[in-house]
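This is work_39.tsv (TSV, C-alpha atoms and all ligand atoms).
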chain	number	residue	atom	x	y	z
A	14	MET	CA	10.62	-11.01	34.09
A	15	VAL	CA	7.28	-10.51	32.24
A	16	LYS	CA	6.75	-12.74	29.23
A	17	LYS	CA	6.70	-10.87	25.92
A	18	ILE	CA	3.61	-11.46	23.79
A	19	GLY	CA	3.71	-11.04	20.01
A	20	SER	CA	6.25	-10.18	17.30
A	21	ASP	CA	8.51	-12.54	15.29
A	22	PHE	CA	8.78	-16.23	16.12
A	23	ASN	CA	11.83	-17.66	17.84
A	24	ILE	CA	12.89	-21.00	16.34
A	25	PRO	CA	12.96	-23.41	19.31
A	26	LEU	CA	16.16	-25.49	19.39
A	27	THR	CA	14.10	-28.58	20.23
A	28	LEU	CA	12.33	-28.31	16.85
A	29	PHE	CA	15.43	-29.74	15.13
A	30	PHE	CA	15.00	-32.99	17.08
A	31	LYS	CA	11.26	-33.54	16.64
A	32	ARG	CA	10.07	-36.48	14.57
A	33	LYS	CA	9.40	-35.98	10.87
A	34	ARG	CA	5.81	-35.66	9.65
A	35	LYS	CA	4.17	-35.00	6.30
A	36	ASN	CA	3.07	-31.38	6.43
A	37	ILE	CA	3.57	-30.41	2.78
A	38	PRO	CA	0.48	-30.60	0.55
A	39	LYS	CA	1.00	-33.08	-2.31
A	40	GLN	CA	0.27	-30.81	-5.25
A	41	ALA	CA	2.18	-27.82	-3.85
A	42	ILE	CA	4.93	-25.86	-5.58
A	43	LEU	CA	7.14	-24.64	-2.74
A	44	LEU	CA	8.39	-21.08	-3.04
A	45	ALA	CA	10.17	-18.61	-0.76
A	46	SER	CA	7.27	-16.28	0.15
A	47	GLY	CA	3.71	-15.25	-0.61
A	48	ASN	CA	4.93	-12.68	-3.10
A	49	ASP	CA	7.00	-15.34	-4.90
A	50	CYS	CA	3.71	-17.20	-5.41
A	51	LEU	CA	2.12	-14.09	-6.88
A	52	THR	CA	5.09	-13.49	-9.22
A	53	TYR	CA	4.91	-17.13	-10.33
A	54	THR	CA	1.18	-16.79	-11.03
A	55	ILE	CA	1.58	-13.55	-12.99
A	56	LYS	CA	4.44	-14.99	-15.06
A	57	GLU	CA	2.34	-18.05	-15.85
A	58	LEU	CA	-0.76	-16.05	-16.77
A	59	LYS	CA	0.75	-13.07	-18.52
A	60	PRO	CA	1.25	-14.47	-22.02
A	61	ASN	CA	-2.39	-15.61	-22.34
A	62	THR	CA	-4.49	-13.38	-20.10
A	63	LYS	CA	-5.55	-9.77	-20.02
A	64	THR	CA	-3.43	-8.90	-17.03
A	65	LYS	CA	-5.50	-6.20	-15.38
A	66	ILE	CA	-6.19	-7.46	-11.86
A	67	LEU	CA	-8.93	-6.54	-9.39
A	68	LEU	CA	-7.77	-6.50	-5.77
A	69	PRO	CA	-9.79	-6.11	-2.54
A	70	SER	CA	-9.83	-2.61	-1.03
A	71	TYR	CA	-8.50	-4.09	2.24
A	72	LEU	CA	-4.97	-5.42	1.75
A	73	CYS	CA	-1.36	-5.08	2.87
A	74	PRO	CA	0.87	-2.71	0.91
A	75	SER	CA	3.53	-5.39	0.25
A	76	ILE	CA	1.14	-7.44	-1.87
A	77	LEU	CA	1.30	-4.73	-4.55
A	78	ILE	CA	5.04	-5.22	-5.10
A	79	PRO	CA	4.82	-8.20	-7.52
A	80	PHE	CA	2.16	-6.40	-9.60
A	81	LYS	CA	4.32	-3.29	-9.82
A	82	GLU	CA	7.44	-5.33	-10.65
A	83	GLU	CA	5.66	-7.33	-13.34
A	84	LYS	CA	3.87	-4.21	-14.67
A	85	VAL	CA	0.38	-5.49	-14.06
A	86	ASP	CA	-2.32	-2.83	-13.92
A	87	TYR	CA	-4.58	-3.09	-10.84
A	88	SER	CA	-7.63	-1.49	-9.28
A	89	PHE	CA	-9.77	-2.22	-6.25
A	90	TYR	CA	-13.20	-3.69	-5.53
A	91	ARG	CA	-15.00	-3.11	-2.23
A	92	VAL	CA	-15.01	-5.19	0.91
A	93	ASN	CA	-17.31	-4.09	3.74
A	94	LYS	CA	-16.45	-3.35	7.34
A	95	LYS	CA	-16.71	-7.04	8.23
A	96	LEU	CA	-14.19	-7.74	5.44
A	97	GLU	CA	-16.82	-9.48	3.32
A	98	ILE	CA	-16.61	-9.09	-0.44
A	99	ASN	CA	-19.20	-6.75	-1.98
A	100	ILE	CA	-20.33	-8.94	-4.88
A	101	THR	CA	-22.41	-6.20	-6.52
A	102	ASP	CA	-19.41	-3.90	-6.63
A	103	LEU	CA	-17.19	-6.74	-7.87
A	104	LYS	CA	-19.63	-7.52	-10.73
A	105	ASN	CA	-19.83	-3.84	-11.68
A	106	LYS	CA	-16.04	-3.56	-11.75
A	107	ILE	CA	-15.82	-6.71	-13.90
A	108	LYS	CA	-18.15	-5.08	-16.46
A	109	LYS	CA	-16.37	-1.75	-16.38
A	110	GLU	CA	-12.72	-2.74	-16.08
A	111	LYS	CA	-12.63	-6.11	-17.90
A	112	PRO	CA	-9.98	-7.70	-15.64
A	113	GLY	CA	-8.21	-10.95	-16.53
A	114	ILE	CA	-7.48	-11.83	-12.89
A	115	ILE	CA	-9.23	-11.36	-9.53
A	116	LEU	CA	-7.61	-11.84	-6.12
A	117	ILE	CA	-9.57	-12.53	-2.96
A	118	ILE	CA	-8.16	-12.61	0.58
A	119	HIS	CA	-9.37	-14.99	3.29
A	120	TYR	CA	-8.70	-12.68	6.27
A	121	PHE	CA	-7.52	-13.65	9.78
A	122	GLY	CA	-8.24	-17.38	9.32
A	123	PHE	CA	-11.86	-16.89	8.19
A	124	ILE	CA	-12.81	-18.15	4.73
A	125	GLN	CA	-14.79	-15.79	2.48
A	126	SER	CA	-18.33	-17.20	2.46
A	127	LYS	CA	-19.03	-16.19	-1.13
A	128	THR	CA	-15.99	-17.85	-2.69
A	129	LYS	CA	-18.04	-20.41	-4.65
A	130	GLU	CA	-20.25	-17.71	-6.13
A	131	ILE	CA	-17.22	-15.61	-7.06
A	132	ALA	CA	-15.52	-18.63	-8.67
A	133	LYS	CA	-18.63	-19.13	-10.84
A	134	VAL	CA	-18.68	-15.46	-11.88
A	135	CYS	CA	-14.97	-15.70	-12.76
A	136	GLU	CA	-15.44	-18.87	-14.81
A	137	LYS	CA	-18.33	-17.31	-16.74
A	138	ASN	CA	-16.26	-14.23	-17.55
A	139	LYS	CA	-13.01	-16.16	-18.29
A	140	ILE	CA	-11.25	-14.53	-15.35
A	141	LYS	CA	-8.57	-16.34	-13.33
A	142	LEU	CA	-9.24	-16.39	-9.59
A	143	ILE	CA	-6.37	-16.26	-7.05
A	144	GLU	CA	-7.14	-17.12	-3.43
A	145	ASP	CA	-4.82	-15.60	-0.83
A	146	TYR	CA	-4.58	-18.02	2.11
A	147	VAL	CA	-1.66	-16.23	3.81
A	148	GLN	CA	-3.78	-15.58	6.91
A	149	SER	CA	-5.90	-18.76	6.67
A	150	PHE	CA	-3.77	-21.71	5.58
A	151	LEU	CA	-4.56	-23.73	8.72
A	152	SER	CA	-8.32	-23.35	8.14
A	153	LYS	CA	-8.58	-26.40	5.83
A	154	PRO	CA	-7.85	-24.61	2.55
A	155	LYS	CA	-9.69	-25.89	-0.51
A	156	LEU	CA	-8.95	-24.60	-3.98
A	157	GLN	CA	-12.14	-23.10	-5.38
A	158	GLY	CA	-10.50	-20.67	-7.79
A	159	ASP	CA	-7.53	-21.28	-10.11
A	160	TYR	CA	-4.62	-20.58	-7.74
A	161	MET	CA	-4.13	-20.48	-4.00
A	162	PHE	CA	-1.09	-19.64	-1.90
A	163	ASN	CA	0.11	-19.06	1.65
A	164	SER	CA	3.20	-17.83	3.51
A	165	TYR	CA	4.42	-20.14	6.26
A	166	ARG	CA	6.35	-17.62	8.34
A	167	LYS	CA	3.14	-15.80	9.33
A	168	PHE	CA	2.07	-18.83	11.41
A	169	LEU	CA	5.16	-20.94	12.01
A	170	PRO	CA	8.71	-20.57	13.33
A	171	ILE	CA	10.52	-21.18	10.04
A	172	PRO	CA	12.66	-18.72	8.07
A	173	ASP	CA	10.82	-18.74	4.74
A	174	GLY	CA	8.44	-20.67	2.53
A	175	ALA	CA	5.03	-20.73	0.90
A	176	PHE	CA	2.92	-23.14	-1.09
A	177	LEU	CA	1.30	-22.42	-4.42
A	178	ILE	CA	-1.47	-24.79	-5.49
A	179	LYS	CA	-3.05	-24.44	-8.90
A	180	LYS	CA	-5.34	-26.11	-11.39
A	181	THR	CA	-2.91	-26.07	-14.32
A	182	LYS	CA	-0.09	-28.62	-14.59
A	183	THR	CA	2.39	-26.31	-16.32
A	184	LYS	CA	5.59	-25.31	-14.53
A	185	ILE	CA	7.89	-22.36	-14.92
A	186	ILE	CA	11.59	-22.10	-14.07
A	187	LEU	CA	12.41	-21.21	-10.47
A	188	ASN	CA	15.29	-19.16	-9.11
A	189	LYS	CA	17.55	-20.32	-6.30
A	190	SER	CA	16.40	-20.01	-2.70
A	191	PRO	CA	17.37	-16.54	-1.34
A	192	LYS	CA	20.43	-17.50	0.69
A	193	GLU	CA	21.12	-14.27	2.57
A	194	TYR	CA	17.46	-13.70	3.46
A	195	VAL	CA	17.04	-17.27	4.74
A	196	SER	CA	20.32	-17.49	6.66
A	197	LYS	CA	19.74	-14.15	8.42
A	198	ARG	CA	16.17	-15.08	9.35
A	199	LEU	CA	17.37	-18.45	10.61
A	200	LYS	CA	20.04	-16.75	12.70
A	201	ALA	CA	17.55	-14.18	14.05
A	202	GLY	CA	15.01	-16.89	14.93
A	203	LEU	CA	17.59	-18.98	16.76
A	204	LEU	CA	19.12	-16.03	18.63
A	205	LYS	CA	15.65	-14.97	19.74
A	206	ASN	CA	15.69	-17.92	22.13
A	207	PHE	CA	17.95	-15.68	24.19
A	208	SER	CA	16.17	-12.43	25.03
A	209	PHE	CA	19.41	-10.77	26.23
A	210	LEU	CA	20.67	-10.91	22.61
A	211	LYS	CA	17.87	-8.59	21.44
A	212	ASN	CA	20.33	-6.04	20.08
A	213	ILE	CA	21.49	-8.70	17.59
A	214	TRP	CA	18.30	-10.52	16.57
A	215	ARG	CA	15.98	-7.51	16.37
A	216	PRO	CA	18.05	-5.64	13.70
A	217	LEU	CA	18.42	-8.91	11.78
A	218	PHE	CA	14.63	-9.39	11.62
A	219	ILE	CA	14.19	-5.77	10.51
A	220	GLU	CA	16.89	-6.04	7.82
A	221	THR	CA	15.38	-9.21	6.36
A	222	GLU	CA	11.80	-7.88	6.26
A	223	GLU	CA	12.57	-4.33	5.14
A	224	LYS	CA	15.44	-4.91	2.72
A	225	LEU	CA	16.45	-8.46	1.88
A	226	ILE	CA	12.95	-9.72	1.10
A	227	ASN	CA	12.87	-7.59	-2.04
A	228	LYS	CA	16.47	-8.11	-3.11
A	229	TYR	CA	16.37	-11.50	-4.79
A	230	LYS	CA	15.00	-12.79	-8.07
A	231	ARG	CA	11.43	-14.07	-7.90
A	232	PRO	CA	9.98	-16.64	-8.13
A	233	ALA	CA	12.51	-18.35	-5.87
A	234	LYS	CA	12.42	-21.81	-4.28
A	235	MET	CA	11.70	-22.41	-0.60
A	236	SER	CA	14.87	-23.25	1.35
A	237	ASN	CA	15.68	-26.84	2.33
A	238	ILE	CA	16.11	-25.89	5.98
A	239	SER	CA	12.57	-24.47	6.10
A	240	LYS	CA	11.17	-27.58	4.40
A	241	ASP	CA	12.89	-29.76	6.98
A	242	LEU	CA	11.66	-27.68	9.93
A	243	LEU	CA	8.15	-27.44	8.49
A	244	ASN	CA	7.91	-31.25	8.50
A	245	ARG	CA	8.84	-31.38	12.19
A	246	ILE	CA	6.03	-29.08	13.35
A	247	ASN	CA	2.91	-30.46	15.00
A	248	LEU	CA	0.26	-28.47	13.13
A	249	ARG	CA	-2.66	-30.03	15.03
A	250	GLU	CA	-1.28	-28.79	18.30
A	251	ILE	CA	-0.84	-25.30	16.86
A	252	ILE	CA	-4.42	-25.24	15.57
A	253	HIS	CA	-5.68	-26.40	18.97
A	254	LYS	CA	-3.76	-23.70	20.89
A	255	ARG	CA	-4.73	-20.86	18.57
A	256	ARG	CA	-8.41	-21.85	18.69
A	257	ARG	CA	-8.32	-22.25	22.48
A	258	ASN	CA	-6.77	-18.79	22.97
A	259	TYR	CA	-9.18	-17.16	20.53
A	260	ALA	CA	-12.22	-18.75	22.15
A	261	TYR	CA	-11.05	-17.65	25.59
A	262	LEU	CA	-10.57	-14.01	24.55
A	263	ALA	CA	-13.92	-14.06	22.72
A	264	LYS	CA	-15.67	-14.79	26.03
A	265	HIS	CA	-14.49	-11.43	27.32
A	266	ILE	CA	-14.04	-9.14	24.30
A	267	LYS	CA	-16.00	-9.02	21.03
A	268	PRO	CA	-13.77	-9.62	18.01
A	269	LEU	CA	-14.39	-8.72	14.37
A	270	TYR	CA	-15.38	-12.38	13.87
A	271	PRO	CA	-17.43	-13.48	16.92
A	272	LYS	CA	-18.05	-17.03	15.65
A	273	LEU	CA	-15.23	-19.55	15.46
A	274	ASN	CA	-16.48	-22.48	13.39
A	275	GLU	CA	-14.84	-25.91	13.54
A	276	ASN	CA	-12.57	-25.50	10.50
A	277	THR	CA	-11.23	-22.10	11.46
A	278	CYS	CA	-7.70	-21.58	12.74
A	279	PRO	CA	-7.28	-17.87	13.44
A	280	LEU	CA	-4.19	-15.80	12.67
A	281	GLY	CA	-4.85	-13.42	15.56
A	282	PHE	CA	-7.73	-11.85	17.46
A	283	PRO	CA	-8.85	-8.77	15.50
A	284	ILE	CA	-10.67	-6.10	17.52
A	285	VAL	CA	-12.40	-3.05	16.02
A	286	PHE	CA	-12.17	-0.13	18.45
A	287	LYS	CA	-14.53	2.86	18.60
A	288	SER	CA	-12.00	5.28	17.20
A	289	GLN	CA	-8.42	5.48	16.00
A	290	THR	CA	-7.46	7.38	19.17
A	291	GLN	CA	-8.86	4.63	21.39
A	292	ARG	CA	-7.07	1.97	19.32
A	293	ASP	CA	-3.76	3.83	19.44
A	294	ASN	CA	-4.00	4.49	23.19
A	295	ILE	CA	-4.74	0.85	23.96
A	296	ARG	CA	-1.92	-0.24	21.68
A	297	LYS	CA	0.48	2.03	23.57
A	298	THR	CA	-0.63	0.58	26.92
A	299	LEU	CA	-0.22	-2.96	25.61
A	300	ILE	CA	3.26	-2.24	24.31
A	301	LYS	CA	4.23	-0.73	27.68
A	302	ASN	CA	3.18	-4.06	29.17
A	303	LYS	CA	5.28	-6.03	26.65
A	304	ILE	CA	2.32	-7.12	24.50
A	305	TYR	CA	2.98	-6.29	20.84
A	306	PRO	CA	-0.23	-6.22	18.76
A	307	PRO	CA	0.26	-5.66	15.01
A	308	ILE	CA	-1.96	-3.48	12.83
A	309	HIS	CA	-3.27	-5.42	9.82
A	310	TRP	CA	-2.79	-3.15	7.84
A	311	GLU	CA	-1.88	0.43	7.14
A	312	LEU	CA	-3.48	0.40	3.68
A	313	PRO	CA	-1.62	1.45	0.53
A	314	LYS	CA	-2.21	5.11	-0.42
A	315	GLU	CA	-3.95	4.04	-3.64
A	316	VAL	CA	-6.94	2.69	-1.67
A	317	LYS	CA	-9.60	5.41	-1.53
A	318	GLU	CA	-12.44	3.29	-0.16
A	319	ASN	CA	-13.66	5.05	3.02
A	320	GLU	CA	-15.07	1.97	4.74
A	321	SER	CA	-11.71	0.17	4.37
A	322	ILE	CA	-9.71	3.21	5.48
A	323	ASP	CA	-11.96	3.61	8.54
A	324	LEU	CA	-11.57	-0.07	9.47
A	325	SER	CA	-7.79	0.06	9.06
A	326	ASN	CA	-7.68	3.01	11.49
A	327	LYS	CA	-9.62	1.14	14.17
A	328	LEU	CA	-8.41	-2.44	13.87
A	329	LEU	CA	-5.84	-4.08	16.13
A	330	THR	CA	-4.74	-7.74	16.13
A	331	ILE	CA	-4.14	-9.28	19.54
A	332	PRO	CA	-1.58	-12.13	19.41
A	333	ILE	CA	-3.12	-15.52	20.28
A	334	ASP	CA	-0.62	-17.86	18.69
A	335	GLN	CA	0.79	-21.19	19.88
A	336	ARG	CA	3.44	-19.56	22.11
A	337	TYR	CA	0.79	-18.39	24.57
A	338	ASN	CA	-1.40	-19.99	27.20
A	339	LEU	CA	-4.55	-18.91	29.03
A	340	LYS	CA	-2.51	-17.12	31.68
A	341	ASP	CA	-1.08	-14.92	28.91
A	342	MET	CA	-4.59	-14.34	27.56
A	343	LYS	CA	-5.81	-13.30	31.05
A	344	ARG	CA	-2.97	-10.80	31.28
A	345	THR	CA	-3.89	-9.42	27.84
A	346	ILE	CA	-7.54	-8.96	28.80
A	347	LYS	CA	-6.61	-7.23	32.05
A	348	CYS	CA	-4.33	-4.89	30.19
A	349	ILE	CA	-6.96	-3.97	27.55
A	350	ARG	CA	-9.60	-3.42	30.28
A	351	SER	CA	-7.28	-1.19	32.28
A	401	LIG	C1	-2.71	-11.29	3.00
A	401	LIG	C2	-1.29	-11.29	2.52
A	401	LIG	N1	-1.01	-11.72	1.28
A	401	LIG	C3	0.26	-11.77	0.80
A	401	LIG	C4	1.32	-11.34	1.57
A	401	LIG	C5	2.71	-11.45	1.03
A	401	LIG	O1	3.36	-12.53	1.65
A	401	LIG	P1	4.94	-12.54	1.85
A	401	LIG	O2	5.29	-11.48	2.84
A	401	LIG	O3	5.28	-13.92	2.33
A	401	LIG	O4	5.53	-12.25	0.51
A	401	LIG	C6	1.08	-10.87	2.86
A	401	LIG	C7	2.18	-10.39	3.70
A	401	LIG	O5	2.00	-9.86	4.77
A	401	LIG	C8	-0.25	-10.86	3.36
A	401	LIG	O6	-0.52	-10.46	4.60
Please go through the file and, once you have read it, give me the structure as structure tokens.
Amino acid sequence: MVKKIGSDFNIPLTLFFKRKRKNIPKQAILLASGNDCLTYTIKELKPNTKTKILLPSYLCPSILIPFKEEKVDYSFYRVNKKLEINITDLKNKIKKEKPGIILIIHYFGFIQSKTKEIAKVCEKNKIKLIEDYVQSFLSKPKLQGDYMFNSYRKFLPIPDGAFLIKKTKTKIILNKSPKEYVSKRLKAGLLKNFSFLKNIWRPLFIETEEKLINKYKRPAKMSNISKDLLNRINLREIIHKRRRNYAYLAKHIKPLYPKLNENTCPLGFPIVFKSQTQRDNIRKTLIKNKIYPPIHWELPKEVKENESIDLSNKLLTIPIDQRYNLKDMKRTIKCIRS
């Protein structure tokens, strides 16, 4: 049988028996998801900050949910077709829109090179800076703004969890860990060890991500089971495998980020195709061959920035995570070339 490449993580049974490590950052507040971290941040900032927020024009639709729920007004600043922040546009929007908060995204494992400069601009204008490390938390994150957060399930085989790290010492009250969401994702992850049970685990994954994730009270705590599993994972090995797979693919196909520097641990291997048709055709071929490349992302309708819309139509992320070896990468290249 051909090995499937991509999609949700199975939770290996052996993980429960691995030795315990210390994978949780010291200063972290552990919450259920990336959006729980955003809700926490908004709730902390709201009483004292003008809550208009500036967001990058390239982002996933789900990130807007906490802002809508907490009634925070938002608009977008530009990022270019290499996903770099357009500082001139950001400064203009600061003048015009007087935001109290700015969010930046470190995409695909690659840290925004102008973060320091942006942090200075924010400090000067009394704006709080949130750094989104959801796609980059294994790339040696360093807090340069006021808040940073991740989402463990994007990189690791655990049901839920995220860290929020911030400059302030204040704490707000947390809700209980979302029991149904966590237990169903745990079940789905464990059953995925058995591919013949696909008609059970696949609907469970879909139910948790499409429904249950927005059905509990935020901000909620990270579950104890995820904390335990997180501490049994060998992160160094994961970083090594992801970097090895990325570097191998990059010898044959040009990614959006051709240079992999020593601190970078990539989320996936993003390729920009010539056109949307070419991207979609190649995606279809890959799926036929049991390789499941996600699209990061179909942008929210509110984004009107042409450069971002164009990129979103042409971008495809090839899976390169720790589950795969060079043989799998060779098969992927062959399939794209064909
Ligand atoms: C860049 C980015 N930020 C935030 C989020 C929200 O994280 P979560 O799904 O854990 O709430 C996502 C989710 O895909 C994301 O990709």
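Residue nearest ligand LIG 401 (chain A) within the list A:Ile213, A:Ile186, A:Ile66, A:Leu225: A:Leu225 [criterion: smallest interatomic distance, all atoms listed in the file].
Computed from the coordinates, the atom CA of A:Pro172 to atom CA of A:Arg296 distance equals 27.2 Å.
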Which chain A residues have any atom within 8 Å of an atom of ligand LIG 401 (chain A), and for each, what is the nearest pair of atoms with distance in Å to one decimal, counting all atoms listed in the file, rows sorted by chain and number, as CSV?
residue,atom,partner,partner_atom,distance
A:Ala45,CA,A:LIG401,O3,7.4
A:Ser46,CA,A:LIG401,O3,3.8
A:Gly47,CA,A:LIG401,O1,3.6
A:Asn48,CA,A:LIG401,O4,3.7
A:Asp49,CA,A:LIG401,O4,6.4
A:Cys50,CA,A:LIG401,O4,7.9
A:Leu72,CA,A:LIG401,C1,6.4
A:Cys73,CA,A:LIG401,O6,5.7
A:Ser75,CA,A:LIG401,C5,6.2
A:Ile76,CA,A:LIG401,C3,5.2
A:Ile118,CA,A:LIG401,C1,6.1
A:His119,CA,A:LIG401,C1,7.6
A:Tyr120,CA,A:LIG401,C1,7.0
A:Asp145,CA,A:LIG401,N1,5.8
A:Tyr146,CA,A:LIG401,C1,7.0
A:Val147,CA,A:LIG401,C1,5.1
A:Gln148,CA,A:LIG401,C1,5.9
A:Asn163,CA,A:LIG401,O1,7.3
A:Ser164,CA,A:LIG401,O3,4.6
A:Tyr165,CA,A:LIG401,O3,7.4
A:Arg166,CA,A:LIG401,O3,7.1
A:Lys167,CA,A:LIG401,O3,7.6
A:Asp173,CA,A:LIG401,O3,7.7
A:Gly174,CA,A:LIG401,O3,7.5
A:Ala175,CA,A:LIG401,O3,7.0
A:Ile226,CA,A:LIG401,O4,7.9
A:His309,CA,A:LIG401,O6,7.8
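Shortest atom-to-atom contact with A:Leu116 among A:Ser88, A:Asn206, A:Asn138, A:Thr101: A:Ser88, counting all atoms listed in the file.
Excluding A:Asn244 itself and same-chain residues fewer than 5 positions from it, the residues having an atom within 8 Å of it are A:Lys33, A:Arg34, A:Lys35, A:Asn36, A:Ile37, counting all atoms listed in the file.
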Protein, DNA and RNA residues within 9 Å of (12.4, -30.6, 9.2), all atoms listed in the file, as a PDB file with C-alpha atoms, in the coordinates of the input:
ATOM      1  CA  LEU A  28      12.330 -28.310  16.850  1.00  0.00           C
ATOM      2  CA  PHE A  29      15.430 -29.740  15.130  1.00  0.00           C
ATOM      3  CA  PHE A  30      15.000 -32.990  17.080  1.00  0.00           C
ATOM      4  CA  LYS A  31      11.260 -33.540  16.640  1.00  0.00           C
ATOM      5  CA  ARG A  32      10.070 -36.480  14.570  1.00  0.00           C
ATOM      6  CA  LYS A  33       9.400 -35.980  10.870  1.00  0.00           C
ATOM      7  CA  ARG A  34       5.810 -35.660   9.650  1.00  0.00           C
ATOM      8  CA  ASN A 237      15.680 -26.840   2.330  1.00  0.00           C
ATOM      9  CA  ILE A 238      16.110 -25.890   5.980  1.00  0.00           C
ATOM     10  CA  SER A 239      12.570 -24.470   6.100  1.00  0.00           C
ATOM     11  CA  LYS A 240      11.170 -27.580   4.400  1.00  0.00           C
ATOM     12  CA  ASP A 241      12.890 -29.760   6.980  1.00  0.00           C
ATOM     13  CA  LEU A 242      11.660 -27.680   9.930  1.00  0.00           C
ATOM     14  CA  LEU A 243       8.150 -27.440   8.490  1.00  0.00           C
ATOM     15  CA  ASN A 244       7.910 -31.250   8.500  1.00  0.00           C
ATOM     16  CA  ARG A 245       8.840 -31.380  12.190  1.00  0.00           C
ATOM     17  CA  ILE A 246       6.030 -29.080  13.350  1.00  0.00           C
TER      18      ILE A 246
END
Find the residues around A:Lys287 up to 10 Å (only C-alpha atoms counted), leave out those fewer than 5 positions away in its own chain, and share them as a list in words. Arg292, Asn326, Lys327 and Leu328 of chain A
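Of the listed residues (A:Tyr229, A:Trp310, A:Tyr270, A:Tyr305), A:Tyr305 comes nearest to A:Lys17; the distances count all atoms listed in the file.
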Shortest contact to A:Arg249, candidates A:Met342, A:Ile114, A:Leu151, A:Val285, atoms counted all atoms listed in the file, goes to A:Leu151
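Interatomic distance, atom CA of A:Gln289 against atom CA of A:His265: 21.2 Å.
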Best match for closeness to A:Leu142 among A:Phe209, A:Leu68, A:Glu320, A:Tyr87, counting only C-alpha atoms: A:Leu68
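Atom CA of A:Lys317 to atom CA of A:Val85 spans 19.4 Å [interatomic distance, one decimal].
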Starting from the point (-9.0, -15.1, -10.8), work out which residues of protein, DNA or RNA have an atom no more than 7 Å away when counting all atoms listed in the file; state them as JSON, numbers by chain. {"A": [114, 115, 116, 135, 140, 141, 142, 143, 158, 159]}
Quick one: residues within 10 Å of A:Leu269, all atoms listed in the file counted, chain neighbours fewer than 3 positions away excluded, as an NGL selection string? :A and (94-96 or 121 or 263 or 266 or 272 or 282-286 or 328-330)
Could you turn the residues from that selection into a file that holds C-alpha atoms, as a compact mmCIF listing (two decimals), keeping the file's coordinate frame?
# COMPACT_ATOMS: atom_id res chain seq x y z
CA LYS A 94 -16.45 -3.35 7.34
CA LYS A 95 -16.71 -7.04 8.23
CA LEU A 96 -14.19 -7.74 5.44
CA PHE A 121 -7.52 -13.65 9.78
CA ALA A 263 -13.92 -14.06 22.72
CA ILE A 266 -14.04 -9.14 24.30
CA LYS A 272 -18.05 -17.03 15.65
CA PHE A 282 -7.73 -11.85 17.46
CA PRO A 283 -8.85 -8.77 15.50
CA ILE A 284 -10.67 -6.10 17.52
CA VAL A 285 -12.40 -3.05 16.02
CA PHE A 286 -12.17 -0.13 18.45
CA LEU A 328 -8.41 -2.44 13.87
CA LEU A 329 -5.84 -4.08 16.13
CA THR A 330 -4.74 -7.74 16.13
